[in-house]
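Here the structure is laid out as structure tokens; the discussion comes afterwards.
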Amino acid sequence: MPDISTGKVVRIIFLAREFGPDSQHLHDYISGLNEDEQASLVALMWVGRDSFDAEDWDEALATARAERTAPTEDYLQGIPELSDYLEAGLEAMGIDVTDAEDHLRDH
């Protein structure tokens with residue numbers, strides 16, 4: 001399972017949709033995550049875009065850690081479909097985002 005809370009992923013999806021994948025808001029939020037959270041975010045995006053299957057989570061996570069060459073926020077901001085891929089990744093991992101979405105909407 002990802003080493004990042006569902007709420008944080010939902011917030012990133014919201015920021016990418018609200019301000020665009022190249023926004024400073026998104027950049028700052030992702031850069032503020034720790035390395036484990038950033039690796040999980042990349043692996044989750046890869047699962048969402050079908051680069052890895054959900055069953056291959058450990059491999060996706062190891063690859064995200066091993067192949068990190070640029071700042072994670074720069075890499076992810078170069079992906080226009082980031083929010084869709086993250087949402088698909090959560091779904092593929094069987095993670096229900098309803099509570100996190102409701103909490104975000106309430107604030």
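Just remember, in the structure tokens the first chain shown is A, the second B, etc., residues are 1-based per chain, and ligands are 1-based in the order shown.
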DSSP-assigned alpha helix (DSSP H) members of range 50-90 of chain A, reported as a PDB file with all heavy atoms, in the first residue's frame:
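states.pdb was written with the following content:
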ATOM      1  N   TRP A  57       2.723  -3.462  -7.107  1.00  0.00           N
ATOM      2  CA  TRP A  57       2.976  -2.247  -6.336  1.00  0.00           C
ATOM      3  C   TRP A  57       4.412  -2.169  -5.827  1.00  0.00           C
ATOM      4  O   TRP A  57       5.058  -1.128  -5.951  1.00  0.00           O
ATOM      5  CB  TRP A  57       1.999  -2.135  -5.169  1.00  0.00           C
ATOM      6  CG  TRP A  57       2.346  -0.979  -4.291  1.00  0.00           C
ATOM      7  CD1 TRP A  57       2.943  -1.019  -3.075  1.00  0.00           C
ATOM      8  CD2 TRP A  57       2.180   0.402  -4.618  1.00  0.00           C
ATOM      9  NE1 TRP A  57       3.151   0.256  -2.613  1.00  0.00           N
ATOM     10  CE2 TRP A  57       2.686   1.142  -3.538  1.00  0.00           C
ATOM     11  CE3 TRP A  57       1.650   1.090  -5.710  1.00  0.00           C
ATOM     12  CZ2 TRP A  57       2.679   2.533  -3.514  1.00  0.00           C
ATOM     13  CZ3 TRP A  57       1.637   2.474  -5.681  1.00  0.00           C
ATOM     14  CH2 TRP A  57       2.144   3.181  -4.598  1.00  0.00           C
ATOM     15  N   ASP A  58       4.911  -3.249  -5.240  1.00  0.00           N
ATOM     16  CA  ASP A  58       6.259  -3.217  -4.662  1.00  0.00           C
ATOM     17  C   ASP A  58       7.304  -2.898  -5.729  1.00  0.00           C
ATOM     18  O   ASP A  58       8.246  -2.143  -5.481  1.00  0.00           O
ATOM     19  CB  ASP A  58       6.591  -4.538  -3.969  1.00  0.00           C
ATOM     20  CG  ASP A  58       5.768  -4.754  -2.706  1.00  0.00           C
ATOM     21  OD1 ASP A  58       5.270  -3.755  -2.135  1.00  0.00           O
ATOM     22  OD2 ASP A  58       5.622  -5.917  -2.285  1.00  0.00           O
ATOM     23  N   GLU A  59       7.135  -3.463  -6.916  1.00  0.00           N
ATOM     24  CA  GLU A  59       8.055  -3.185  -8.021  1.00  0.00           C
ATOM     25  C   GLU A  59       7.936  -1.728  -8.478  1.00  0.00           C
ATOM     26  O   GLU A  59       8.937  -1.064  -8.739  1.00  0.00           O
ATOM     27  CB  GLU A  59       7.758  -4.124  -9.192  1.00  0.00           C
ATOM     28  CG  GLU A  59       8.691  -3.918 -10.365  1.00  0.00           C
ATOM     29  CD  GLU A  59       8.338  -4.789 -11.562  1.00  0.00           C
ATOM     30  OE1 GLU A  59       7.449  -5.667 -11.451  1.00  0.00           O
ATOM     31  OE2 GLU A  59       8.952  -4.575 -12.626  1.00  0.00           O
ATOM     32  N   ALA A  60       6.713  -1.219  -8.569  1.00  0.00           N
ATOM     33  CA  ALA A  60       6.506   0.176  -8.965  1.00  0.00           C
ATOM     34  C   ALA A  60       7.160   1.115  -7.965  1.00  0.00           C
ATOM     35  O   ALA A  60       7.832   2.084  -8.355  1.00  0.00           O
ATOM     36  CB  ALA A  60       5.010   0.479  -9.085  1.00  0.00           C
ATOM     37  N   LEU A  61       6.994   0.840  -6.693  1.00  0.00           N
ATOM     38  CA  LEU A  61       7.569   1.673  -5.643  1.00  0.00           C
ATOM     39  C   LEU A  61       9.096   1.615  -5.668  1.00  0.00           C
ATOM     40  O   LEU A  61       9.771   2.650  -5.579  1.00  0.00           O
ATOM     41  CB  LEU A  61       7.033   1.230  -4.280  1.00  0.00           C
ATOM     42  CG  LEU A  61       7.365   2.109  -3.090  1.00  0.00           C
ATOM     43  CD1 LEU A  61       6.884   3.543  -3.320  1.00  0.00           C
ATOM     44  CD2 LEU A  61       6.754   1.528  -1.834  1.00  0.00           C
ATOM     45  N   ALA A  62       9.659   0.425  -5.826  1.00  0.00           N
ATOM     46  CA  ALA A  62      11.116   0.277  -5.903  1.00  0.00           C
ATOM     47  C   ALA A  62      11.668   1.008  -7.120  1.00  0.00           C
ATOM     48  O   ALA A  62      12.726   1.653  -7.048  1.00  0.00           O
ATOM     49  CB  ALA A  62      11.493  -1.205  -5.947  1.00  0.00           C
ATOM     50  N   THR A  63      10.958   0.933  -8.230  1.00  0.00           N
ATOM     51  CA  THR A  63      11.378   1.620  -9.455  1.00  0.00           C
ATOM     52  C   THR A  63      11.328   3.132  -9.264  1.00  0.00           C
ATOM     53  O   THR A  63      12.244   3.855  -9.680  1.00  0.00           O
ATOM     54  CB  THR A  63      10.501   1.195 -10.649  1.00  0.00           C
ATOM     55  OG1 THR A  63      10.582  -0.227 -10.798  1.00  0.00           O
ATOM     56  CG2 THR A  63      10.947   1.861 -11.937  1.00  0.00           C
ATOM     57  N   ALA A  64      10.285   3.614  -8.624  1.00  0.00           N
ATOM     58  CA  ALA A  64      10.159   5.053  -8.367  1.00  0.00           C
ATOM     59  C   ALA A  64      11.323   5.550  -7.508  1.00  0.00           C
ATOM     60  O   ALA A  64      11.861   6.634  -7.749  1.00  0.00           O
ATOM     61  CB  ALA A  64       8.827   5.358  -7.691  1.00  0.00           C
ATOM     62  N   ARG A  65      11.718   4.762  -6.533  1.00  0.00           N
ATOM     63  CA  ARG A  65      12.849   5.152  -5.678  1.00  0.00           C
ATOM     64  C   ARG A  65      14.173   5.092  -6.435  1.00  0.00           C
ATOM     65  O   ARG A  65      15.011   5.983  -6.309  1.00  0.00           O
ATOM     66  CB  ARG A  65      12.904   4.253  -4.450  1.00  0.00           C
ATOM     67  CG  ARG A  65      11.809   4.556  -3.456  1.00  0.00           C
ATOM     68  CD  ARG A  65      11.980   3.745  -2.169  1.00  0.00           C
ATOM     69  NE  ARG A  65      11.018   4.188  -1.179  1.00  0.00           N
ATOM     70  CZ  ARG A  65      10.134   3.400  -0.599  1.00  0.00           C
ATOM     71  NH1 ARG A  65      10.095   2.111  -0.883  1.00  0.00           N
ATOM     72  NH2 ARG A  65       9.294   3.883   0.290  1.00  0.00           N
ATOM     73  N   ALA A  66      14.353   4.032  -7.225  1.00  0.00           N
ATOM     74  CA  ALA A  66      15.626   3.798  -7.909  1.00  0.00           C
ATOM     75  C   ALA A  66      15.853   4.749  -9.083  1.00  0.00           C
ATOM     76  O   ALA A  66      16.994   5.117  -9.367  1.00  0.00           O
ATOM     77  CB  ALA A  66      15.699   2.347  -8.394  1.00  0.00           C
ATOM     78  N   THR A  72      10.730  15.293  -7.745  1.00  0.00           N
ATOM     79  CA  THR A  72       9.436  14.658  -8.006  1.00  0.00           C
ATOM     80  C   THR A  72       8.399  15.658  -8.489  1.00  0.00           C
ATOM     81  O   THR A  72       7.638  15.378  -9.420  1.00  0.00           O
ATOM     82  CB  THR A  72       8.935  13.937  -6.742  1.00  0.00           C
ATOM     83  OG1 THR A  72       9.919  12.976  -6.348  1.00  0.00           O
ATOM     84  CG2 THR A  72       7.611  13.242  -6.975  1.00  0.00           C
ATOM     85  N   GLU A  73       8.390  16.841  -7.868  1.00  0.00           N
ATOM     86  CA  GLU A  73       7.391  17.840  -8.262  1.00  0.00           C
ATOM     87  C   GLU A  73       7.565  18.260  -9.721  1.00  0.00           C
ATOM     88  O   GLU A  73       6.591  18.455 -10.446  1.00  0.00           O
ATOM     89  CB  GLU A  73       7.407  19.053  -7.329  1.00  0.00           C
ATOM     90  CG  GLU A  73       8.720  19.774  -7.214  1.00  0.00           C
ATOM     91  CD  GLU A  73       9.685  19.207  -6.174  1.00  0.00           C
ATOM     92  OE1 GLU A  73       9.511  18.051  -5.718  1.00  0.00           O
ATOM     93  OE2 GLU A  73      10.631  19.923  -5.823  1.00  0.00           O
ATOM     94  N   ASP A  74       8.811  18.355 -10.192  1.00  0.00           N
ATOM     95  CA  ASP A  74       9.060  18.715 -11.590  1.00  0.00           C
ATOM     96  C   ASP A  74       8.614  17.595 -12.528  1.00  0.00           C
ATOM     97  O   ASP A  74       8.002  17.849 -13.567  1.00  0.00           O
ATOM     98  CB  ASP A  74      10.540  19.021 -11.813  1.00  0.00           C
ATOM     99  CG  ASP A  74      10.995  20.274 -11.075  1.00  0.00           C
ATOM    100  OD1 ASP A  74      10.133  21.084 -10.660  1.00  0.00           O
ATOM    101  OD2 ASP A  74      12.220  20.447 -10.911  1.00  0.00           O
ATOM    102  N   TYR A  75       8.931  16.357 -12.164  1.00  0.00           N
ATOM    103  CA  TYR A  75       8.536  15.213 -12.979  1.00  0.00           C
ATOM    104  C   TYR A  75       7.009  15.133 -13.103  1.00  0.00           C
ATOM    105  O   TYR A  75       6.470  15.036 -14.208  1.00  0.00           O
ATOM    106  CB  TYR A  75       9.097  13.920 -12.385  1.00  0.00           C
ATOM    107  CG  TYR A  75       8.555  12.671 -13.020  1.00  0.00           C
ATOM    108  CD1 TYR A  75       8.798  12.383 -14.366  1.00  0.00           C
ATOM    109  CD2 TYR A  75       7.783  11.774 -12.297  1.00  0.00           C
ATOM    110  CE1 TYR A  75       8.289  11.237 -14.962  1.00  0.00           C
ATOM    111  CE2 TYR A  75       7.272  10.625 -12.875  1.00  0.00           C
ATOM    112  CZ  TYR A  75       7.531  10.369 -14.216  1.00  0.00           C
ATOM    113  OH  TYR A  75       7.020   9.231 -14.802  1.00  0.00           O
ATOM    114  N   LEU A  76       6.316  15.189 -11.966  1.00  0.00           N
ATOM    115  CA  LEU A  76       4.862  15.031 -11.995  1.00  0.00           C
ATOM    116  C   LEU A  76       4.163  16.211 -12.661  1.00  0.00           C
ATOM    117  O   LEU A  76       3.125  16.032 -13.297  1.00  0.00           O
ATOM    118  CB  LEU A  76       4.325  14.812 -10.582  1.00  0.00           C
ATOM    119  CG  LEU A  76       4.722  13.485  -9.935  1.00  0.00           C
ATOM    120  CD1 LEU A  76       4.221  13.415  -8.510  1.00  0.00           C
ATOM    121  CD2 LEU A  76       4.215  12.309 -10.747  1.00  0.00           C
ATOM    122  N   GLN A  77       4.723  17.400 -12.537  1.00  0.00           N
ATOM    123  CA  GLN A  77       4.089  18.558 -13.167  1.00  0.00           C
ATOM    124  C   GLN A  77       4.194  18.512 -14.683  1.00  0.00           C
ATOM    125  O   GLN A  77       3.479  19.230 -15.370  1.00  0.00           O
ATOM    126  CB  GLN A  77       4.695  19.848 -12.629  1.00  0.00           C
ATOM    127  CG  GLN A  77       4.212  20.135 -11.215  1.00  0.00           C
ATOM    128  CD  GLN A  77       4.582  21.519 -10.770  1.00  0.00           C
ATOM    129  OE1 GLN A  77       5.715  21.780 -10.410  1.00  0.00           O
ATOM    130  NE2 GLN A  77       3.617  22.413 -10.821  1.00  0.00           N
ATOM    131  N   LEU A  82      -2.065  14.142 -14.839  1.00  0.00           N
ATOM    132  CA  LEU A  82      -1.688  13.713 -13.493  1.00  0.00           C
ATOM    133  C   LEU A  82      -2.888  13.397 -12.622  1.00  0.00           C
ATOM    134  O   LEU A  82      -2.947  12.328 -11.992  1.00  0.00           O
ATOM    135  CB  LEU A  82      -0.816  14.783 -12.817  1.00  0.00           C
ATOM    136  CG  LEU A  82      -0.426  14.511 -11.367  1.00  0.00           C
ATOM    137  CD1 LEU A  82       0.425  13.253 -11.270  1.00  0.00           C
ATOM    138  CD2 LEU A  82       0.303  15.709 -10.774  1.00  0.00           C
ATOM    139  N   SER A  83      -3.856  14.281 -12.554  1.00  0.00           N
ATOM    140  CA  SER A  83      -5.004  14.053 -11.659  1.00  0.00           C
ATOM    141  C   SER A  83      -5.781  12.797 -12.057  1.00  0.00           C
ATOM    142  O   SER A  83      -6.184  12.020 -11.198  1.00  0.00           O
ATOM    143  CB  SER A  83      -5.922  15.272 -11.628  1.00  0.00           C
ATOM    144  OG  SER A  83      -6.430  15.560 -12.917  1.00  0.00           O
ATOM    145  N   ASP A  84      -5.961  12.584 -13.353  1.00  0.00           N
ATOM    146  CA  ASP A  84      -6.685  11.391 -13.819  1.00  0.00           C
ATOM    147  C   ASP A  84      -5.913  10.125 -13.484  1.00  0.00           C
ATOM    148  O   ASP A  84      -6.496   9.122 -13.064  1.00  0.00           O
ATOM    149  CB  ASP A  84      -6.923  11.459 -15.325  1.00  0.00           C
ATOM    150  CG  ASP A  84      -7.866  12.584 -15.721  1.00  0.00           C
ATOM    151  OD1 ASP A  84      -8.690  13.001 -14.877  1.00  0.00           O
ATOM    152  OD2 ASP A  84      -7.770  13.054 -16.870  1.00  0.00           O
ATOM    153  N   TYR A  85      -4.586  10.150 -13.680  1.00  0.00           N
ATOM    154  CA  TYR A  85      -3.762   8.975 -13.387  1.00  0.00           C
ATOM    155  C   TYR A  85      -3.763   8.655 -11.894  1.00  0.00           C
ATOM    156  O   TYR A  85      -3.822   7.492 -11.503  1.00  0.00           O
ATOM    157  CB  TYR A  85      -2.331   9.178 -13.868  1.00  0.00           C
ATOM    158  CG  TYR A  85      -2.163   9.173 -15.363  1.00  0.00           C
ATOM    159  CD1 TYR A  85      -1.154   9.905 -15.964  1.00  0.00           C
ATOM    160  CD2 TYR A  85      -3.000   8.430 -16.200  1.00  0.00           C
ATOM    161  CE1 TYR A  85      -0.970   9.908 -17.332  1.00  0.00           C
ATOM    162  CE2 TYR A  85      -2.838   8.432 -17.573  1.00  0.00           C
ATOM    163  CZ  TYR A  85      -1.811   9.170 -18.142  1.00  0.00           C
ATOM    164  OH  TYR A  85      -1.634   9.168 -19.503  1.00  0.00           O
ATOM    165  N   LEU A  86      -3.687   9.681 -11.055  1.00  0.00           N
ATOM    166  CA  LEU A  86      -3.706   9.440  -9.611  1.00  0.00           C
ATOM    167  C   LEU A  86      -5.050   8.871  -9.172  1.00  0.00           C
ATOM    168  O   LEU A  86      -5.102   7.941  -8.370  1.00  0.00           O
ATOM    169  CB  LEU A  86      -3.394  10.728  -8.848  1.00  0.00           C
ATOM    170  CG  LEU A  86      -1.952  11.209  -8.921  1.00  0.00           C
ATOM    171  CD1 LEU A  86      -1.810  12.571  -8.254  1.00  0.00           C
ATOM    172  CD2 LEU A  86      -0.999  10.202  -8.299  1.00  0.00           C
ATOM    173  N   GLU A  87      -6.119   9.406  -9.717  1.00  0.00           N
ATOM    174  CA  GLU A  87      -7.450   8.893  -9.389  1.00  0.00           C
ATOM    175  C   GLU A  87      -7.589   7.436  -9.831  1.00  0.00           C
ATOM    176  O   GLU A  87      -8.089   6.594  -9.080  1.00  0.00           O
ATOM    177  CB  GLU A  87      -8.514   9.760 -10.056  1.00  0.00           C
ATOM    178  CG  GLU A  87      -9.895   9.494  -9.561  1.00  0.00           C
ATOM    179  CD  GLU A  87     -10.895  10.538 -10.058  1.00  0.00           C
ATOM    180  OE1 GLU A  87     -10.722  11.098 -11.156  1.00  0.00           O
ATOM    181  OE2 GLU A  87     -11.852  10.779  -9.315  1.00  0.00           O
ATOM    182  N   ALA A  88      -7.113   7.130 -11.030  1.00  0.00           N
ATOM    183  CA  ALA A  88      -7.169   5.757 -11.537  1.00  0.00           C
ATOM    184  C   ALA A  88      -6.274   4.837 -10.699  1.00  0.00           C
ATOM    185  O   ALA A  88      -6.620   3.672 -10.466  1.00  0.00           O
ATOM    186  CB  ALA A  88      -6.757   5.715 -13.004  1.00  0.00           C
ATOM    187  N   GLY A  89      -5.144   5.354 -10.254  1.00  0.00           N
ATOM    188  CA  GLY A  89      -4.240   4.567  -9.420  1.00  0.00           C
ATOM    189  C   GLY A  89      -4.871   4.209  -8.087  1.00  0.00           C
ATOM    190  O   GLY A  89      -4.771   3.066  -7.623  1.00  0.00           O
ATOM    191  N   LEU A  90      -5.528   5.181  -7.456  1.00  0.00           N
ATOM    192  CA  LEU A  90      -6.222   4.903  -6.202  1.00  0.00           C
ATOM    193  C   LEU A  90      -7.295   3.837  -6.409  1.00  0.00           C
ATOM    194  O   LEU A  90      -7.425   2.902  -5.613  1.00  0.00           O
ATOM    195  CB  LEU A  90      -6.850   6.186  -5.641  1.00  0.00           C
ATOM    196  CG  LEU A  90      -5.897   7.224  -5.074  1.00  0.00           C
ATOM    197  CD1 LEU A  90      -6.645   8.521  -4.793  1.00  0.00           C
ATOM    198  CD2 LEU A  90      -5.214   6.711  -3.813  1.00  0.00           C
TER     199      LEU A  90
END
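CA of Pro71 in chain A to CA of Gln38 in chain A spans 9.4 Å [interatomic distance, one decimal].
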Can you list, as a list in words, every protein, DNA or RNA residue that comes within 8 Å of Ala54 in chain A when you count only C-alpha atoms, leaving out same-chain residues fewer than 6 positions away? Val47, Gly89, Ala92 and Met93 of chain A
From the options A:Gly48, A:Asp53, A:Phe14, A:Ser5, which residue's atoms come nearest to Leu33 in chain A, counting only C-alpha atoms? A:Ser5
Please compute the CA of Glu18 in chain A-CA of Phe52 in chain A distance, one decimal, in Å. 27.1 Å
Contacts of Lys8 in chain A within 12 Å, only C-alpha atoms, excl. fewer than 5 positions in-chain, as a PDB file with N, CA, C and O atoms, in the first residue's frame:
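Final output, out08.pdb:
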ATOM      1  N   PRO A   2       0.358   2.323  -0.549  1.00  0.00           N
ATOM      2  CA  PRO A   2       1.137   3.564  -0.629  1.00  0.00           C
ATOM      3  C   PRO A   2       1.529   4.116   0.744  1.00  0.00           C
ATOM      4  O   PRO A   2       0.788   3.982   1.711  1.00  0.00           O
ATOM      5  N   ASP A   3       2.718   4.711   0.796  1.00  0.00           N
ATOM      6  CA  ASP A   3       3.203   5.379   2.006  1.00  0.00           C
ATOM      7  C   ASP A   3       2.819   6.848   1.989  1.00  0.00           C
ATOM      8  O   ASP A   3       3.622   7.717   2.331  1.00  0.00           O
ATOM      9  N   ILE A  13      -4.738  15.776  -6.345  1.00  0.00           N
ATOM     10  CA  ILE A  13      -5.688  15.705  -7.467  1.00  0.00           C
ATOM     11  C   ILE A  13      -6.461  17.022  -7.562  1.00  0.00           C
ATOM     12  O   ILE A  13      -6.614  17.593  -8.645  1.00  0.00           O
ATOM     13  N   PHE A  14      -6.935  17.507  -6.421  1.00  0.00           N
ATOM     14  CA  PHE A  14      -7.678  18.763  -6.385  1.00  0.00           C
ATOM     15  C   PHE A  14      -6.812  19.922  -6.898  1.00  0.00           C
ATOM     16  O   PHE A  14      -7.265  20.723  -7.719  1.00  0.00           O
ATOM     17  N   LEU A  15      -5.586  20.033  -6.401  1.00  0.00           N
ATOM     18  CA  LEU A  15      -4.701  21.129  -6.824  1.00  0.00           C
ATOM     19  C   LEU A  15      -4.418  21.071  -8.320  1.00  0.00           C
ATOM     20  O   LEU A  15      -4.402  22.098  -8.994  1.00  0.00           O
ATOM     21  N   LEU A  26       0.644  23.355  -6.620  1.00  0.00           N
ATOM     22  CA  LEU A  26       0.920  21.923  -6.727  1.00  0.00           C
ATOM     23  C   LEU A  26       2.404  21.656  -6.494  1.00  0.00           C
ATOM     24  O   LEU A  26       2.770  20.737  -5.762  1.00  0.00           O
ATOM     25  N   TYR A  29       3.241  21.928  -2.797  1.00  0.00           N
ATOM     26  CA  TYR A  29       2.665  20.847  -1.988  1.00  0.00           C
ATOM     27  C   TYR A  29       3.471  19.557  -2.166  1.00  0.00           C
ATOM     28  O   TYR A  29       3.830  18.903  -1.185  1.00  0.00           O
ATOM     29  N   ILE A  30       3.773  19.196  -3.418  1.00  0.00           N
ATOM     30  CA  ILE A  30       4.520  17.966  -3.674  1.00  0.00           C
ATOM     31  C   ILE A  30       5.940  18.068  -3.112  1.00  0.00           C
ATOM     32  O   ILE A  30       6.446  17.115  -2.527  1.00  0.00           O
ATOM     33  N   GLY A  32       6.864  19.527  -0.554  1.00  0.00           N
ATOM     34  CA  GLY A  32       6.800  19.434   0.893  1.00  0.00           C
ATOM     35  C   GLY A  32       6.592  18.021   1.425  1.00  0.00           C
ATOM     36  O   GLY A  32       6.666  17.793   2.638  1.00  0.00           O
ATOM     37  N   LEU A  33       6.355  17.074   0.527  1.00  0.00           N
ATOM     38  CA  LEU A  33       6.184  15.679   0.946  1.00  0.00           C
ATOM     39  C   LEU A  33       7.538  15.058   1.244  1.00  0.00           C
ATOM     40  O   LEU A  33       8.553  15.451   0.652  1.00  0.00           O
ATOM     41  N   ASN A  34       7.564  14.047   2.097  1.00  0.00           N
ATOM     42  CA  ASN A  34       8.831  13.350   2.341  1.00  0.00           C
ATOM     43  C   ASN A  34       9.125  12.385   1.191  1.00  0.00           C
ATOM     44  O   ASN A  34       8.277  12.161   0.318  1.00  0.00           O
ATOM     45  N   GLU A  37       6.665   9.475   0.660  1.00  0.00           N
ATOM     46  CA  GLU A  37       5.396   9.938   0.092  1.00  0.00           C
ATOM     47  C   GLU A  37       5.559  10.258  -1.393  1.00  0.00           C
ATOM     48  O   GLU A  37       4.690   9.928  -2.205  1.00  0.00           O
ATOM     49  N   GLN A  38       6.658  10.889  -1.759  1.00  0.00           N
ATOM     50  CA  GLN A  38       6.889  11.222  -3.159  1.00  0.00           C
ATOM     51  C   GLN A  38       7.044   9.969  -4.013  1.00  0.00           C
ATOM     52  O   GLN A  38       6.479   9.887  -5.112  1.00  0.00           O
ATOM     53  N   SER A  40       5.781   7.034  -3.368  1.00  0.00           N
ATOM     54  CA  SER A  40       4.452   6.423  -3.449  1.00  0.00           C
ATOM     55  C   SER A  40       3.564   7.156  -4.449  1.00  0.00           C
ATOM     56  O   SER A  40       2.804   6.533  -5.194  1.00  0.00           O
ATOM     57  N   LEU A  41       3.691   8.465  -4.495  1.00  0.00           N
ATOM     58  CA  LEU A  41       2.896   9.262  -5.423  1.00  0.00           C
ATOM     59  C   LEU A  41       3.249   8.915  -6.870  1.00  0.00           C
ATOM     60  O   LEU A  41       2.370   8.730  -7.712  1.00  0.00           O
ATOM     61  N   LEU A  86      -3.687   9.681 -11.055  1.00  0.00           N
ATOM     62  CA  LEU A  86      -3.706   9.440  -9.611  1.00  0.00           C
ATOM     63  C   LEU A  86      -5.050   8.871  -9.172  1.00  0.00           C
ATOM     64  O   LEU A  86      -5.102   7.941  -8.370  1.00  0.00           O
ATOM     65  N   LEU A  90      -5.528   5.181  -7.456  1.00  0.00           N
ATOM     66  CA  LEU A  90      -6.222   4.903  -6.202  1.00  0.00           C
ATOM     67  C   LEU A  90      -7.295   3.837  -6.409  1.00  0.00           C
ATOM     68  O   LEU A  90      -7.425   2.902  -5.613  1.00  0.00           O
ATOM     69  N   VAL A  97     -11.857   6.905  -1.943  1.00  0.00           N
ATOM     70  CA  VAL A  97     -11.506   8.296  -1.666  1.00  0.00           C
ATOM     71  C   VAL A  97     -12.694   9.131  -1.200  1.00  0.00           C
ATOM     72  O   VAL A  97     -12.545  10.319  -0.962  1.00  0.00           O
ATOM     73  N   ALA A 100     -12.127  11.176   2.039  1.00  0.00           N
ATOM     74  CA  ALA A 100     -11.113  12.217   1.840  1.00  0.00           C
ATOM     75  C   ALA A 100     -11.656  13.344   0.965  1.00  0.00           C
ATOM     76  O   ALA A 100     -11.389  14.505   1.223  1.00  0.00           O
ATOM     77  N   GLU A 101     -12.436  13.002  -0.055  1.00  0.00           N
ATOM     78  CA  GLU A 101     -13.032  14.027  -0.911  1.00  0.00           C
ATOM     79  C   GLU A 101     -14.023  14.872  -0.114  1.00  0.00           C
ATOM     80  O   GLU A 101     -14.048  16.100  -0.245  1.00  0.00           O
ATOM     81  N   HIS A 103     -14.040  15.416   3.105  1.00  0.00           N
ATOM     82  CA  HIS A 103     -13.281  16.238   4.066  1.00  0.00           C
ATOM     83  C   HIS A 103     -12.688  17.447   3.362  1.00  0.00           C
ATOM     84  O   HIS A 103     -12.724  18.555   3.885  1.00  0.00           O
ATOM     85  N   LEU A 104     -12.142  17.250   2.178  1.00  0.00           N
ATOM     86  CA  LEU A 104     -11.542  18.349   1.418  1.00  0.00           C
ATOM     87  C   LEU A 104     -12.605  19.377   1.020  1.00  0.00           C
ATOM     88  O   LEU A 104     -12.395  20.577   1.120  1.00  0.00           O
TER      89      LEU A 104
END
